[in-house]
Amino acid sequence: MTSAVIVDVVRTPSGKGKPGGALSAVHPATLLADLLTELVRRHDLDPALVDDVIAGCVTQAGEQAVNIARTAVLAAGFPESVPATTVDRQCGSSQQAAAFAAQAIVAGSYDIAIACGVESMSRAPMFSNVGGADPTAGPLTRRYPDGLVSQGIGAELIAARWKFDRDELDEYAARSHRLASDARERMQRDQIVPVRTVDVAGHEVTILDDETVRPSTTTESLSALRPVFRDDALAARFPEIDWSITAGNSSPLTDGASAALIMSERKAAELGLTPRARFHSFAVSGSDPLLMLTGPIPATEKILARTGLGLDDIDIYEVNEAFAPVPLLWQSHFDTDPARLNPAGGAIALGHPLGASGGRLLASMLTHLEATGGRYGLQTMCEGGGMANATIIERL
């Protein structure tokens, strides 16, 4: 069977997803296009050989509308013959893009593909694509008469049901910033493609580091933050919630992009390229859309059952830190080695540019495997609507 291999994976730094954030002056298609250009430049690859570019993007509105993948491909100067498509599996969009690309290669449909993702939450704010309406209210009212809730409420429900208290959530969040700060020079520099832009004063600058990492963060400093999702109506509907989710133990709104060069093992050899890893297996799972964020558990169970691997065989677990209860619940459920969980920090510190986060997790996972000599990495992330992707890679 044809193997799909990862030749390279890169990302931009993360910028705060608000006006004045480090990357907010850059059009999202430009963020992605510059990564595409760098990816083919690094490997002296003729972009005309790329069979498809598959990009994740969640808020496909405004500057991110009308197939931003194709806009980025053309902006990157790729030949007009190179096609592109944009996919939305919510927070797992670029992870799903990588799965689609690898599966097409394994099937023999493609030789070379780029799986990527982008989200500029400063320029295309979250939910700006829904026009103020709840897209689930009509079709799902019969099945869920009380209505669905936001992911923040899902995080509150998980914390309440599995009894994660505020101190535990804040302690985990502080850990994320500490590990991300420690890994900045050791690991993250190899993943990051600098971004040239202008600052709020109009001066040209080059962004090298993740703006969202705060090395001084402590459990004590986080304890001063107020819960952000409580209102009277929700408090009456969910009396069991203690209201412990804050901006500090959640992933921040973020701008960023990621991109992975994926090809068949045969094509890599033909081009004289050395793959860094191969895709081992994939799974995707649905879960309770009210809790919404528990999906990484059944997705992990599904991929382990499919492969016959156990978590003891896996050297790193990248579980997306949308909110602190998500990795804490995953860790508690599987009773795994906590040192293998997000060892270079996660989205609480590194940011969560929705459509690009899958690629960022892939970059972190592969960089860690290479730095430590590990063999297998597992990546999983919760997704809006109650879903999750899981991916296992094998370092070469």
# chains A, B, ... in the order shown; residues from 1 in each chain; ligands from 1

call {"tool": "select_by_dssp", "arguments": {"residues": "segment 220-272 of chain A", "states": "alpha helix (DSSP H)", "output": "list in words"}}
result
Glu220, Ser221, Leu222, Asp232, Ala233, Leu234, Ala235, Ala236, Arg237, Glu265, Arg266, Lys267, Ala268, Ala269 and Glu270 of chain A

call {"tool": "select_by_dssp", "arguments": {"residues": "segment 79-249 of chain A", "states": "strand (DSSP E or B)", "output": "PyMOL selection string"}}
result
chain A and resi 84-87+89+91+112-120+192+195-198+204-207+227+246

call {"tool": "residues_around", "arguments": {"residues": "segment 109-112 of chain A", "least_positions_apart": "3", "cutoff": "6 Å", "atoms": "only C-alpha atoms", "output": "number ranges by chain"}}
result
A: 50-51, 104-105, 262-264

call {"tool": "closest_residue", "arguments": {"among": "A:Ala69, A:Ala29, A:Leu271, A:Ala224", "to": "Leu49 of chain A", "atoms": "only C-alpha atoms"}}
result
A:Leu271

call {"tool": "residues_around", "arguments": {"residues": "Ala268 of chain A", "least_positions_apart": "6", "cutoff": "12 Å", "atoms": "only C-alpha atoms", "output": "number ranges by chain"}}
result
A: 2-8, 43, 45, 49, 105, 111-113, 261-262, 274-278

call {"tool": "residues_around", "arguments": {"residues": "segment 375-381 of chain A", "least_positions_apart": "4", "cutoff": "9 Å", "atoms": "only C-alpha atoms", "output": "PDB file with N, CA and C atoms, in the first residue's frame"}}
result
ATOM      1  N   CYS A  91     -12.936  23.305  14.559  1.00  0.00           N
ATOM      2  CA  CYS A  91     -11.556  23.463  15.025  1.00  0.00           C
ATOM      3  C   CYS A  91     -10.600  22.438  14.423  1.00  0.00           C
ATOM      4  N   GLY A  92     -11.103  21.329  13.930  1.00  0.00           N
ATOM      5  CA  GLY A  92     -10.256  20.297  13.347  1.00  0.00           C
ATOM      6  C   GLY A  92     -10.071  20.438  11.848  1.00  0.00           C
ATOM      7  N   GLN A  95      -6.588  19.677  10.458  1.00  0.00           N
ATOM      8  CA  GLN A  95      -6.300  18.271  10.712  1.00  0.00           C
ATOM      9  C   GLN A  95      -7.065  17.411   9.717  1.00  0.00           C
ATOM     10  N   HIS A 280       0.138   7.256   9.949  1.00  0.00           N
ATOM     11  CA  HIS A 280      -0.091   5.875  10.343  1.00  0.00           C
ATOM     12  C   HIS A 280      -1.569   5.521  10.280  1.00  0.00           C
ATOM     13  N   LEU A 293     -17.393  18.975  23.703  1.00  0.00           N
ATOM     14  CA  LEU A 293     -15.933  18.943  23.754  1.00  0.00           C
ATOM     15  C   LEU A 293     -15.379  17.609  24.224  1.00  0.00           C
ATOM     16  N   GLY A 295     -15.440  14.851  22.443  1.00  0.00           N
ATOM     17  CA  GLY A 295     -15.149  14.022  21.283  1.00  0.00           C
ATOM     18  C   GLY A 295     -13.771  13.391  21.229  1.00  0.00           C
ATOM     19  N   PRO A 296     -12.698  14.029  21.742  1.00  0.00           N
ATOM     20  CA  PRO A 296     -11.386  13.383  21.689  1.00  0.00           C
ATOM     21  C   PRO A 296     -11.325  12.019  22.368  1.00  0.00           C
ATOM     22  N   ILE A 297     -12.219  11.759  23.314  1.00  0.00           N
ATOM     23  CA  ILE A 297     -12.184  10.451  23.986  1.00  0.00           C
ATOM     24  C   ILE A 297     -12.647   9.339  23.041  1.00  0.00           C
ATOM     25  N   ALA A 299     -12.856   9.453  19.813  1.00  0.00           N
ATOM     26  CA  ALA A 299     -11.970   9.445  18.641  1.00  0.00           C
ATOM     27  C   ALA A 299     -10.677   8.704  18.956  1.00  0.00           C
ATOM     28  N   THR A 300     -10.149   8.903  20.163  1.00  0.00           N
ATOM     29  CA  THR A 300      -8.933   8.192  20.571  1.00  0.00           C
ATOM     30  C   THR A 300      -9.210   6.702  20.709  1.00  0.00           C
ATOM     31  N   LEU A 311      -1.942   3.400  24.317  1.00  0.00           N
ATOM     32  CA  LEU A 311      -1.391   4.716  24.599  1.00  0.00           C
ATOM     33  C   LEU A 311       0.028   4.636  25.137  1.00  0.00           C
ATOM     34  N   ASP A 313       2.229   2.950  23.785  1.00  0.00           N
ATOM     35  CA  ASP A 313       3.067   2.910  22.584  1.00  0.00           C
ATOM     36  C   ASP A 313       3.283   4.300  21.989  1.00  0.00           C
ATOM     37  N   ILE A 314       2.492   5.272  22.435  1.00  0.00           N
ATOM     38  CA  ILE A 314       2.522   6.623  21.872  1.00  0.00           C
ATOM     39  C   ILE A 314       3.455   7.491  22.718  1.00  0.00           C
ATOM     40  N   ASP A 315       4.326   8.239  22.042  1.00  0.00           N
ATOM     41  CA  ASP A 315       5.341   9.025  22.755  1.00  0.00           C
ATOM     42  C   ASP A 315       4.889  10.440  23.090  1.00  0.00           C
ATOM     43  N   ILE A 316       3.892  10.957  22.377  1.00  0.00           N
ATOM     44  CA  ILE A 316       3.379  12.300  22.671  1.00  0.00           C
ATOM     45  C   ILE A 316       1.899  12.329  22.328  1.00  0.00           C
ATOM     46  N   TYR A 317       1.128  13.017  23.189  1.00  0.00           N
ATOM     47  CA  TYR A 317      -0.302  13.213  22.947  1.00  0.00           C
ATOM     48  C   TYR A 317      -0.540  14.713  22.781  1.00  0.00           C
ATOM     49  N   GLU A 318      -0.938  15.128  21.592  1.00  0.00           N
ATOM     50  CA  GLU A 318      -1.330  16.520  21.369  1.00  0.00           C
ATOM     51  C   GLU A 318      -2.853  16.579  21.409  1.00  0.00           C
ATOM     52  N   VAL A 319      -3.378  17.041  22.520  1.00  0.00           N
ATOM     53  CA  VAL A 319      -4.827  17.163  22.726  1.00  0.00           C
ATOM     54  C   VAL A 319      -5.133  18.655  22.796  1.00  0.00           C
ATOM     55  N   ASN A 320      -5.880  19.154  21.836  1.00  0.00           N
ATOM     56  CA  ASN A 320      -6.024  20.606  21.717  1.00  0.00           C
ATOM     57  C   ASN A 320      -6.648  21.229  22.964  1.00  0.00           C
ATOM     58  N   GLU A 321      -6.022  22.290  23.427  1.00  0.00           N
ATOM     59  CA  GLU A 321      -6.444  22.982  24.635  1.00  0.00           C
ATOM     60  C   GLU A 321      -7.452  24.087  24.312  1.00  0.00           C
ATOM     61  N   ALA A 322      -8.582  23.719  23.740  1.00  0.00           N
ATOM     62  CA  ALA A 322      -9.616  24.723  23.510  1.00  0.00           C
ATOM     63  C   ALA A 322      -9.985  25.384  24.835  1.00  0.00           C
ATOM     64  N   VAL A 326     -10.779  20.208  28.659  1.00  0.00           N
ATOM     65  CA  VAL A 326     -10.722  19.223  27.572  1.00  0.00           C
ATOM     66  C   VAL A 326      -9.522  18.281  27.732  1.00  0.00           C
ATOM     67  N   GLY A 358      -5.041  22.540  13.559  1.00  0.00           N
ATOM     68  CA  GLY A 358      -4.634  21.158  13.306  1.00  0.00           C
ATOM     69  C   GLY A 358      -3.207  21.074  12.802  1.00  0.00           C
ATOM     70  N   LEU A 361      -0.774  21.752  15.737  1.00  0.00           N
ATOM     71  CA  LEU A 361      -0.581  20.561  16.563  1.00  0.00           C
ATOM     72  C   LEU A 361       0.332  19.558  15.879  1.00  0.00           C
ATOM     73  N   LEU A 362       0.153  19.382  14.565  1.00  0.00           N
ATOM     74  CA  LEU A 362       1.006  18.459  13.816  1.00  0.00           C
ATOM     75  C   LEU A 362       2.455  18.907  13.878  1.00  0.00           C
ATOM     76  N   MET A 365       3.851  18.236  17.389  1.00  0.00           N
ATOM     77  CA  MET A 365       4.009  16.800  17.619  1.00  0.00           C
ATOM     78  C   MET A 365       5.248  16.264  16.901  1.00  0.00           C
ATOM     79  N   LEU A 366       5.413  16.628  15.650  1.00  0.00           N
ATOM     80  CA  LEU A 366       6.543  16.123  14.877  1.00  0.00           C
ATOM     81  C   LEU A 366       7.861  16.677  15.402  1.00  0.00           C
ATOM     82  N   HIS A 368       8.546  17.538  18.432  1.00  0.00           N
ATOM     83  CA  HIS A 368       8.859  16.858  19.689  1.00  0.00           C
ATOM     84  C   HIS A 368       9.390  15.446  19.437  1.00  0.00           C
ATOM     85  N   LEU A 369       8.771  14.717  18.534  1.00  0.00           N
ATOM     86  CA  LEU A 369       9.244  13.363  18.229  1.00  0.00           C
ATOM     87  C   LEU A 369      10.685  13.392  17.740  1.00  0.00           C
ATOM     88  N   GLU A 370      11.008  14.358  16.897  1.00  0.00           N
ATOM     89  CA  GLU A 370      12.378  14.449  16.389  1.00  0.00           C
ATOM     90  C   GLU A 370      13.353  14.856  17.486  1.00  0.00           C
ATOM     91  N   MET A 387     -17.779  16.780  17.709  1.00  0.00           N
ATOM     92  CA  MET A 387     -16.993  15.875  16.863  1.00  0.00           C
ATOM     93  C   MET A 387     -15.550  15.931  17.314  1.00  0.00           C
ATOM     94  N   ALA A 388     -14.732  15.021  16.770  1.00  0.00           N
ATOM     95  CA  ALA A 388     -13.291  15.078  17.002  1.00  0.00           C
ATOM     96  C   ALA A 388     -12.574  14.254  15.953  1.00  0.00           C
ATOM     97  N   ASN A 389     -11.413  14.727  15.556  1.00  0.00           N
ATOM     98  CA  ASN A 389     -10.496  13.970  14.716  1.00  0.00           C
ATOM     99  C   ASN A 389      -9.391  13.390  15.570  1.00  0.00           C
ATOM    100  N   ALA A 390      -8.853  12.251  15.132  1.00  0.00           N
ATOM    101  CA  ALA A 390      -7.652  11.686  15.742  1.00  0.00           C
ATOM    102  C   ALA A 390      -6.729  11.260  14.618  1.00  0.00           C
ATOM    103  N   THR A 391      -5.447  11.506  14.789  1.00  0.00           N
ATOM    104  CA  THR A 391      -4.423  11.155  13.808  1.00  0.00           C
ATOM    105  C   THR A 391      -3.226  10.594  14.548  1.00  0.00           C
ATOM    106  N   ILE A 392      -2.656   9.533  14.025  1.00  0.00           N
ATOM    107  CA  ILE A 392      -1.388   8.998  14.531  1.00  0.00           C
ATOM    108  C   ILE A 392      -0.357   9.102  13.412  1.00  0.00           C
ATOM    109  N   ILE A 393       0.811   9.670  13.746  1.00  0.00           N
ATOM    110  CA  ILE A 393       1.924   9.697  12.811  1.00  0.00           C
ATOM    111  C   ILE A 393       3.081   8.875  13.366  1.00  0.00           C
ATOM    112  N   GLU A 394       3.957   8.446  12.476  1.00  0.00           N
ATOM    113  CA  GLU A 394       5.152   7.690  12.844  1.00  0.00           C
ATOM    114  C   GLU A 394       6.373   8.444  12.326  1.00  0.00           C
ATOM    115  N   ARG A 395       7.253   8.807  13.222  1.00  0.00           N
ATOM    116  CA  ARG A 395       8.474   9.506  12.815  1.00  0.00           C
ATOM    117  C   ARG A 395       9.363   8.564  12.009  1.00  0.00           C
ATOM    118  N   LEU A 396       9.980   9.091  10.975  1.00  0.00           N
ATOM    119  CA  LEU A 396      10.900   8.307  10.141  1.00  0.00           C
ATOM    120  C   LEU A 396      12.341   8.697  10.444  1.00  0.00           C
TER     121      LEU A 396
END

call {"tool": "residues_around", "arguments": {"residues": "segment 284-291 of chain A", "least_positions_apart": "6", "cutoff": "8 Å", "atoms": "only C-alpha atoms", "output": "list in words"}}
result
Leu148, Val149, Gln151, Ile153, Gly154, Ala155, Leu157, Ile158, Pro298, Ala299, Lys302, Gly384, Gly385, Gly386, Met387, Ala388, Asn389 and Ala390 of chain A

call {"tool": "residues_around", "arguments": {"residues": "Ala180 of chain A", "least_positions_apart": "6", "cutoff": "12 Å", "atoms": "only C-alpha atoms", "output": "ChimeraX atom specification"}}
result
/A:173-174,186-189,209-217,342-351,364

call {"tool": "closest_residue", "arguments": {"among": "A:His177, A:Lys16, A:Arg184, A:Arg306", "to": "Phe282 of chain A", "atoms": "only C-alpha atoms"}}
result
A:Arg306

call {"tool": "atom_distance", "arguments": {"atom1": "atom CA of Trp162 of chain A", "atom2": "atom CA of Val58 of chain A"}}
result
29.1 Å

call {"tool": "closest_residue", "arguments": {"among": "A:Asn249, A:Ser14, A:Ser281, A:Ser176", "to": "Ala102 of chain A", "atoms": "only C-alpha atoms"}}
result
A:Ser281

call {"tool": "atom_distance", "arguments": {"atom1": "atom CA of Ala76 of chain A", "atom2": "atom CA of Phe127 of chain A"}}
result
27.5 Å
